[in-house]
$ cat start34.pdb   # PDB, C-alpha atoms
ATOM      1  CA  MET Y  23     145.065 153.471  64.533  1.00  0.00           C
ATOM      2  CA  ASN Y  24     147.584 150.935  65.666  1.00  0.00           C
ATOM      3  CA  SER Y  25     146.394 147.506  64.506  1.00  0.00           C
ATOM      4  CA  GLY Y  26     146.824 146.103  68.032  1.00  0.00           C
ATOM      5  CA  GLN Y  27     144.976 148.972  69.700  1.00  0.00           C
ATOM      6  CA  MET Y  28     141.434 148.242  70.869  1.00  0.00           C
ATOM      7  CA  PRO Y  29     138.657 150.562  69.594  1.00  0.00           C
ATOM      8  CA  GLU Y  30     137.732 151.654  73.131  1.00  0.00           C
ATOM      9  CA  HIS Y  31     141.347 152.695  73.749  1.00  0.00           C
ATOM     10  CA  GLU Y  32     141.264 154.673  70.522  1.00  0.00           C
ATOM     11  CA  ASP Y  33     138.085 156.379  71.755  1.00  0.00           C
ATOM     12  CA  GLU Y  34     139.823 157.269  75.029  1.00  0.00           C
ATOM     13  CA  ARG Y  35     142.753 158.741  73.099  1.00  0.00           C
ATOM     14  CA  LEU Y  36     140.344 160.764  70.957  1.00  0.00           C
ATOM     15  CA  VAL Y  37     138.513 162.042  74.054  1.00  0.00           C
ATOM     16  CA  ILE Y  38     141.786 163.198  75.598  1.00  0.00           C
ATOM     17  CA  SER Y  39     142.738 164.935  72.354  1.00  0.00           C
ATOM     18  CA  ALA Y  40     139.319 166.561  72.019  1.00  0.00           C
ATOM     19  CA  LEU Y  41     139.518 167.835  75.592  1.00  0.00           C
ATOM     20  CA  ALA Y  42     142.894 169.349  74.720  1.00  0.00           C
ATOM     21  CA  GLY Y  43     141.193 171.310  71.930  1.00  0.00           C
ATOM     22  CA  ASP Y  44     141.672 168.990  68.950  1.00  0.00           C
ATOM     23  CA  VAL Y  45     138.475 169.577  66.949  1.00  0.00           C
ATOM     24  CA  GLN Y  46     139.368 166.817  64.486  1.00  0.00           C
ATOM     25  CA  ALA Y  47     139.544 164.275  67.329  1.00  0.00           C
ATOM     26  CA  PHE Y  48     135.955 165.044  68.291  1.00  0.00           C
ATOM     27  CA  ALA Y  49     134.899 164.895  64.626  1.00  0.00           C
ATOM     28  CA  THR Y  50     136.476 161.438  64.465  1.00  0.00           C
ATOM     29  CA  LEU Y  51     134.516 160.334  67.553  1.00  0.00           C
ATOM     30  CA  VAL Y  52     131.307 161.559  65.937  1.00  0.00           C
ATOM     31  CA  SER Y  53     132.156 159.773  62.707  1.00  0.00           C
ATOM     32  CA  ARG Y  54     132.899 156.512  64.536  1.00  0.00           C
ATOM     33  CA  HIS Y  55     129.646 156.506  66.487  1.00  0.00           C
ATOM     34  CA  LYS Y  56     127.118 158.463  64.406  1.00  0.00           C
ATOM     35  CA  ARG Y  57     125.616 155.364  62.778  1.00  0.00           C
ATOM     36  CA  ARG Y  58     124.811 153.810  66.168  1.00  0.00           C
ATOM     37  CA  VAL Y  59     123.286 157.056  67.490  1.00  0.00           C
ATOM     38  CA  PHE Y  60     121.315 157.586  64.271  1.00  0.00           C
ATOM     39  CA  ARG Y  61     119.929 154.037  64.458  1.00  0.00           C
ATOM     40  CA  LEU Y  62     118.958 154.461  68.107  1.00  0.00           C
ATOM     41  CA  ALA Y  63     117.299 157.837  67.460  1.00  0.00           C
ATOM     42  CA  GLY Y  64     115.392 156.237  64.600  1.00  0.00           C
ATOM     43  CA  ARG Y  65     113.713 153.940  67.110  1.00  0.00           C
ATOM     44  CA  PHE Y  66     112.177 156.958  68.800  1.00  0.00           C
ATOM     45  CA  THR Y  67     111.025 158.969  65.788  1.00  0.00           C
ATOM     46  CA  ARG Y  68     109.859 158.270  62.264  1.00  0.00           C
ATOM     47  CA  SER Y  69     110.729 161.673  60.855  1.00  0.00           C
ATOM     48  CA  GLU Y  70     114.135 161.953  59.198  1.00  0.00           C
ATOM     49  CA  HIS Y  71     114.336 165.595  60.272  1.00  0.00           C
ATOM     50  CA  GLU Y  72     113.569 164.775  63.919  1.00  0.00           C
ATOM     51  CA  ARG Y  73     116.083 161.922  63.835  1.00  0.00           C
ATOM     52  CA  GLU Y  74     118.806 164.261  62.595  1.00  0.00           C
ATOM     53  CA  ASP Y  75     117.871 166.826  65.246  1.00  0.00           C
ATOM     54  CA  LEU Y  76     118.046 164.161  67.975  1.00  0.00           C
ATOM     55  CA  CYS Y  77     121.458 162.980  66.782  1.00  0.00           C
ATOM     56  CA  GLN Y  78     122.757 166.524  66.699  1.00  0.00           C
ATOM     57  CA  GLU Y  79     121.428 167.119  70.203  1.00  0.00           C
ATOM     58  CA  VAL Y  80     123.119 163.924  71.419  1.00  0.00           C
ATOM     59  CA  PHE Y  81     126.513 164.954  70.065  1.00  0.00           C
ATOM     60  CA  ILE Y  82     126.140 168.484  71.419  1.00  0.00           C
ATOM     61  CA  LYS Y  83     125.523 166.984  74.877  1.00  0.00           C
ATOM     62  CA  VAL Y  84     128.484 164.641  74.410  1.00  0.00           C
ATOM     63  CA  TYR Y  85     130.719 167.575  73.511  1.00  0.00           C
ATOM     64  CA  GLU Y  86     129.470 169.701  76.406  1.00  0.00           C
ATOM     65  CA  ASN Y  87     129.983 166.851  78.896  1.00  0.00           C
ATOM     66  CA  LEU Y  88     133.137 165.293  77.476  1.00  0.00           C
ATOM     67  CA  GLY Y  89     135.062 166.264  80.594  1.00  0.00           C
ATOM     68  CA  GLN Y  90     132.756 164.015  82.633  1.00  0.00           C
ATOM     69  CA  PHE Y  91     133.686 160.890  80.679  1.00  0.00           C
ATOM     70  CA  ARG Y  92     135.512 158.409  82.913  1.00  0.00           C
ATOM     71  CA  SER Y  93     137.512 155.722  81.198  1.00  0.00           C
ATOM     72  CA  ASP Y  94     136.340 153.032  83.642  1.00  0.00           C
ATOM     73  CA  ALA Y  95     133.780 151.970  81.000  1.00  0.00           C
ATOM     74  CA  PRO Y  96     133.934 152.145  77.202  1.00  0.00           C
ATOM     75  CA  PHE Y  97     133.145 155.479  75.578  1.00  0.00           C
ATOM     76  CA  GLU Y  98     130.413 153.718  73.582  1.00  0.00           C
ATOM     77  CA  HIS Y  99     128.489 152.922  76.798  1.00  0.00           C
ATOM     78  CA  TRP Y 100     128.775 156.499  78.022  1.00  0.00           C
ATOM     79  CA  LEU Y 101     127.616 157.793  74.644  1.00  0.00           C
ATOM     80  CA  SER Y 102     124.703 155.324  74.556  1.00  0.00           C
ATOM     81  CA  ARG Y 103     123.543 156.494  77.960  1.00  0.00           C
ATOM     82  CA  ILE Y 104     123.501 160.120  76.787  1.00  0.00           C
ATOM     83  CA  ALA Y 105     121.697 159.083  73.592  1.00  0.00           C
ATOM     84  CA  VAL Y 106     119.014 157.142  75.479  1.00  0.00           C
ATOM     85  CA  ARG Y 107     118.405 159.974  77.922  1.00  0.00           C
ATOM     86  CA  THR Y 108     118.241 162.529  75.098  1.00  0.00           C
ATOM     87  CA  CYS Y 109     115.717 160.395  73.214  1.00  0.00           C
ATOM     88  CA  TYR Y 110     113.721 159.874  76.400  1.00  0.00           C
ATOM     89  CA  ASP Y 111     113.656 163.632  77.078  1.00  0.00           C
ATOM     90  CA  ALA Y 112     112.498 164.224  73.502  1.00  0.00           C
ATOM     91  CA  LEU Y 113     109.703 161.667  73.956  1.00  0.00           C
ATOM     92  CA  ARG Y 114     108.549 163.346  77.164  1.00  0.00           C
ATOM     93  CA  LYS Y 115     108.601 166.756  75.495  1.00  0.00           C
ATOM     94  CA  GLN Y 116     106.725 165.411  72.489  1.00  0.00           C
ATOM     95  CA  ARG Y 117     104.164 163.727  74.715  1.00  0.00           C
ATOM     96  CA  HIS Y 118     103.639 166.965  76.616  1.00  0.00           C
ATOM     97  CA  GLU Y 119     103.139 168.912  73.373  1.00  0.00           C
ATOM     98  CA  LYS Y 120     100.767 166.319  71.884  1.00  0.00           C
ATOM     99  CA  ARG Y 121      98.433 165.192  74.632  1.00  0.00           C
ATOM    100  CA  HIS Y 122      95.968 163.619  72.236  1.00  0.00           C
ATOM    101  CA  LEU Y 123      97.370 162.307  69.007  1.00  0.00           C
ATOM    102  CA  PRO Y 124      94.840 162.172  66.167  1.00  0.00           C
ATOM    103  CA  LEU Y 125      94.315 158.882  64.386  1.00  0.00           C
ATOM    104  CA  ASP Y 126      96.356 158.854  61.229  1.00  0.00           C
ATOM    105  CA  ASP Y 127      95.214 157.815  57.766  1.00  0.00           C
ATOM    106  CA  LEU Y 128      96.619 154.340  58.331  1.00  0.00           C
ATOM    107  CA  THR Y 129      94.043 153.646  61.019  1.00  0.00           C
ATOM    108  CA  PHE Y 130      91.164 154.553  58.718  1.00  0.00           C
ATOM    109  CA  GLU Y 131      92.679 152.500  55.922  1.00  0.00           C
ATOM    110  CA  LEU Y 132      93.017 149.490  58.225  1.00  0.00           C
ATOM    111  CA  ARG Y 133      89.387 149.735  59.361  1.00  0.00           C
ATOM    112  CA  ASP Y 134      88.290 149.171  55.783  1.00  0.00           C
ATOM    113  CA  ARG Y 135      90.285 145.986  55.309  1.00  0.00           C
ATOM    114  CA  ARG Y 136      88.674 142.580  55.439  1.00  0.00           C
ATOM    115  CA  CYS Y 137      89.252 140.488  58.586  1.00  0.00           C
ATOM    116  CA  ASP Y 138      91.190 137.760  56.832  1.00  0.00           C
ATOM    117  CA  GLU Y 139      93.587 140.074  55.030  1.00  0.00           C
ATOM    118  CA  ARG Y 140      97.072 139.983  56.509  1.00  0.00           C
ATOM    119  CA  LEU Y 141      99.110 143.090  57.164  1.00  0.00           C
ATOM    120  CA  SER Y 142     102.394 143.422  55.348  1.00  0.00           C
ATOM    121  CA  SER Y 143     105.489 143.867  57.469  1.00  0.00           C
ATOM    122  CA  ALA Y 144     105.654 147.571  56.532  1.00  0.00           C
ATOM    123  CA  GLU Y 145     102.061 148.038  57.662  1.00  0.00           C
ATOM    124  CA  ALA Y 146     102.739 146.078  60.839  1.00  0.00           C
ATOM    125  CA  ARG Y 147     105.691 148.358  61.615  1.00  0.00           C
ATOM    126  CA  SER Y 148     103.448 151.366  60.993  1.00  0.00           C
ATOM    127  CA  VAL Y 149     100.796 150.009  63.348  1.00  0.00           C
ATOM    128  CA  LEU Y 150     103.455 149.321  65.981  1.00  0.00           C
ATOM    129  CA  GLY Y 151     104.819 152.850  65.542  1.00  0.00           C
ATOM    130  CA  TRP Y 152     101.297 154.223  65.842  1.00  0.00           C
ATOM    131  CA  ALA Y 153     100.738 152.226  69.045  1.00  0.00           C
ATOM    132  CA  LEU Y 154     104.122 153.182  70.529  1.00  0.00           C
ATOM    133  CA  ALA Y 155     103.271 156.847  69.967  1.00  0.00           C
ATOM    134  CA  ARG Y 156     100.319 156.372  72.322  1.00  0.00           C
ATOM    135  CA  VAL Y 157     102.141 154.937  75.326  1.00  0.00           C
ATOM    136  CA  SER Y 158     103.974 156.998  77.927  1.00  0.00           C
ATOM    137  CA  PRO Y 159     107.582 158.004  77.254  1.00  0.00           C
ATOM    138  CA  GLU Y 160     108.790 155.577  79.931  1.00  0.00           C
ATOM    139  CA  GLU Y 161     106.843 152.714  78.370  1.00  0.00           C
ATOM    140  CA  ARG Y 162     108.095 153.543  74.880  1.00  0.00           C
ATOM    141  CA  LEU Y 163     111.657 153.772  76.119  1.00  0.00           C
ATOM    142  CA  VAL Y 164     111.634 150.397  77.872  1.00  0.00           C
ATOM    143  CA  ILE Y 165     109.875 148.620  74.957  1.00  0.00           C
ATOM    144  CA  THR Y 166     112.240 150.170  72.435  1.00  0.00           C
ATOM    145  CA  LEU Y 167     115.360 149.214  74.347  1.00  0.00           C
ATOM    146  CA  LEU Y 168     114.262 145.689  75.302  1.00  0.00           C
ATOM    147  CA  GLU Y 169     112.348 144.607  72.226  1.00  0.00           C
ATOM    148  CA  LEU Y 170     113.612 146.665  69.313  1.00  0.00           C
ATOM    149  CA  GLU Y 171     117.199 147.274  70.392  1.00  0.00           C
ATOM    150  CA  GLU Y 172     117.333 143.825  72.036  1.00  0.00           C
ATOM    151  CA  LYS Y 173     119.093 145.082  75.160  1.00  0.00           C
ATOM    152  CA  THR Y 174     119.131 142.975  78.302  1.00  0.00           C
ATOM    153  CA  VAL Y 175     117.382 144.089  81.478  1.00  0.00           C
ATOM    154  CA  ARG Y 176     120.796 144.813  82.966  1.00  0.00           C
ATOM    155  CA  GLU Y 177     121.810 146.946  79.976  1.00  0.00           C
ATOM    156  CA  VAL Y 178     118.548 148.894  80.118  1.00  0.00           C
ATOM    157  CA  ALA Y 179     119.088 149.497  83.836  1.00  0.00           C
ATOM    158  CA  GLU Y 180     122.581 150.827  83.122  1.00  0.00           C
ATOM    159  CA  LEU Y 181     121.370 153.059  80.274  1.00  0.00           C
ATOM    160  CA  THR Y 182     118.405 154.510  82.146  1.00  0.00           C
ATOM    161  CA  GLY Y 183     119.654 154.573  85.721  1.00  0.00           C
ATOM    162  CA  TRP Y 184     116.667 152.467  86.816  1.00  0.00           C
ATOM    163  CA  SER Y 185     117.073 149.349  88.939  1.00  0.00           C
ATOM    164  CA  GLN Y 186     116.738 145.991  87.197  1.00  0.00           C
ATOM    165  CA  VAL Y 187     113.532 145.313  89.120  1.00  0.00           C
ATOM    166  CA  ASN Y 188     112.175 148.683  88.017  1.00  0.00           C
ATOM    167  CA  VAL Y 189     113.031 147.849  84.387  1.00  0.00           C
ATOM    168  CA  LYS Y 190     111.165 144.534  84.651  1.00  0.00           C
ATOM    169  CA  VAL Y 191     108.100 146.158  86.222  1.00  0.00           C
ATOM    170  CA  ARG Y 192     108.052 148.971  83.661  1.00  0.00           C
ATOM    171  CA  ALA Y 193     108.487 146.457  80.827  1.00  0.00           C
ATOM    172  CA  TRP Y 194     105.575 144.347  82.099  1.00  0.00           C
ATOM    173  CA  ARG Y 195     103.339 147.413  82.376  1.00  0.00           C
ATOM    174  CA  ALA Y 196     104.449 148.732  78.999  1.00  0.00           C
ATOM    175  CA  ARG Y 197     103.715 145.423  77.264  1.00  0.00           C
ATOM    176  CA  ARG Y 198     100.290 145.282  78.931  1.00  0.00           C
ATOM    177  CA  THR Y 199      99.483 148.856  77.841  1.00  0.00           C
ATOM    178  CA  LEU Y 200     100.743 148.255  74.322  1.00  0.00           C
ATOM    179  CA  LYS Y 201      98.677 145.072  74.069  1.00  0.00           C
ATOM    180  CA  LYS Y 202      95.523 146.947  75.128  1.00  0.00           C
ATOM    181  CA  ILE Y 203      96.145 149.666  72.542  1.00  0.00           C
ATOM    182  CA  LEU Y 204      96.733 147.125  69.781  1.00  0.00           C
ATOM    183  CA  GLU Y 205      93.686 145.087  70.786  1.00  0.00           C
ATOM    184  CA  ALA Y 206      91.489 148.198  70.838  1.00  0.00           C
ATOM    185  CA  ASN Y 207      92.836 149.171  67.402  1.00  0.00           C
ATOM    186  CA  HIS Y 208      92.137 145.642  66.137  1.00  0.00           C
ATOM    187  CA  GLU Y 209      88.551 145.744  67.432  1.00  0.00           C
ATOM    188  CA  THR Y 210      87.868 149.093  65.721  1.00  0.00           C
ATOM    189  CA  ARG Y 211      89.162 147.729  62.435  1.00  0.00           C
ATOM    190  CA  TYR Y 212      86.895 144.681  62.237  1.00  0.00           C
TER     191      TYR Y 212
END

$ encode --input "start34.pdb" --output "structure tokens"
Amino acid sequence: MNSGQMPEHEDERLVISALAGDVQAFATLVSRHKRRVFRLAGRFTRSEHEREDLCQEVFIKVYENLGQFRSDAPFEHWLSRIAVRTCYDALRKQRHEKRHLPLDDLTFELRDRRCDERLSSAEARSVLGWALARVSPEERLVITLLELEEKTVREVAELTGWSQVNVKVRAWRARRTLKKILEANHETRY
């Protein structure tokens, strides 16, 4: 890459080359952005296998829709939007398949702990993951993007296609639901 060339311009050049049939150009796009997609997918699943499947699905969708990319925004934004929607669809599908998630071993282990014992950060992340698995896909999506990915309301609106007001309302409801789940879990432990 030319040292003066901006990364987004390099992405545009790679897209044009990939559309012209250059398989290596698309491979380079994947290589440049796979870490970001993998990290984002990891926010929506704990399983390494599911994370890899999600990433593969994202890049398949990117490849299939490459002709729809418009260079009026950076490729990274377009890719992120596809990644978020793919993760959201996977959450909805997962939620549909698993209407009632059983309590995992962690919950039973936590019930046996003394009230004054503090959770380690790994256990806290597990409890949060457990709680997030029990909210709706929309709630999980908005919490993940705002709180874990630290996106702004405007960025979440752009990624999801929701209005900024809708993002704020969904975030408020999601936080309220998550709080109730965590409080109920806390009460059953002690």

$ residues_near_point --input "start34.pdb" --point "(110.5, 153.2, 73.2)" --cutoff "9 Å" --atoms "all atoms listed in the file" --output "PyMOL selection string"
chain Y and resi 65-66+109-110+113+154-155+157-170

$ resolve_selection --input "start34.pdb" --expression "the PyMOL selection byres ((chain Y and resi 42-50) around 12)" --output "PyMOL selection string"
chain Y and resi 23+32-41+51-56+81-82+84-86+88-89

$ resolve_selection --input "start34.pdb" --expression "the PyMOL selection byres ((chain Y and resi 76) around 12)" --output "ChimeraX atom specification"
/Y:56,59-75,77-83,104-113

$ axis_aligned_box --input "start34.pdb" --around "stretch 178-183 of chain Y" --padding-each-side "8 Å" --output "lines of an AutoDock Vina configuration file"
center_x = 120.5
center_y = 151.7
center_z = 82.9
size_x = 20.2
size_y = 21.7
size_z = 21.6

$ atom_distance --input "start34.pdb" --atom1 "atom CA of Y:His31" --atom2 "atom CA of Y:Asn87"
18.9 Å

$ atom_distance --input "start34.pdb" --atom1 "atom CA of Y:Arg176" --atom2 "atom CA of Y:Arg195"
17.7 Å

$ atom_distance --input "start34.pdb" --atom1 "atom CA of Y:His99" --atom2 "atom CA of Y:Arg57"
14.5 Å

$ resolve_selection --input "start34.pdb" --expression "the PyMOL selection byres ((chain Y and resi 203) around 10)" --output "VMD selection string"
chain Y and resid 150 152 to 154 156 to 157 197 to 202 204 to 209
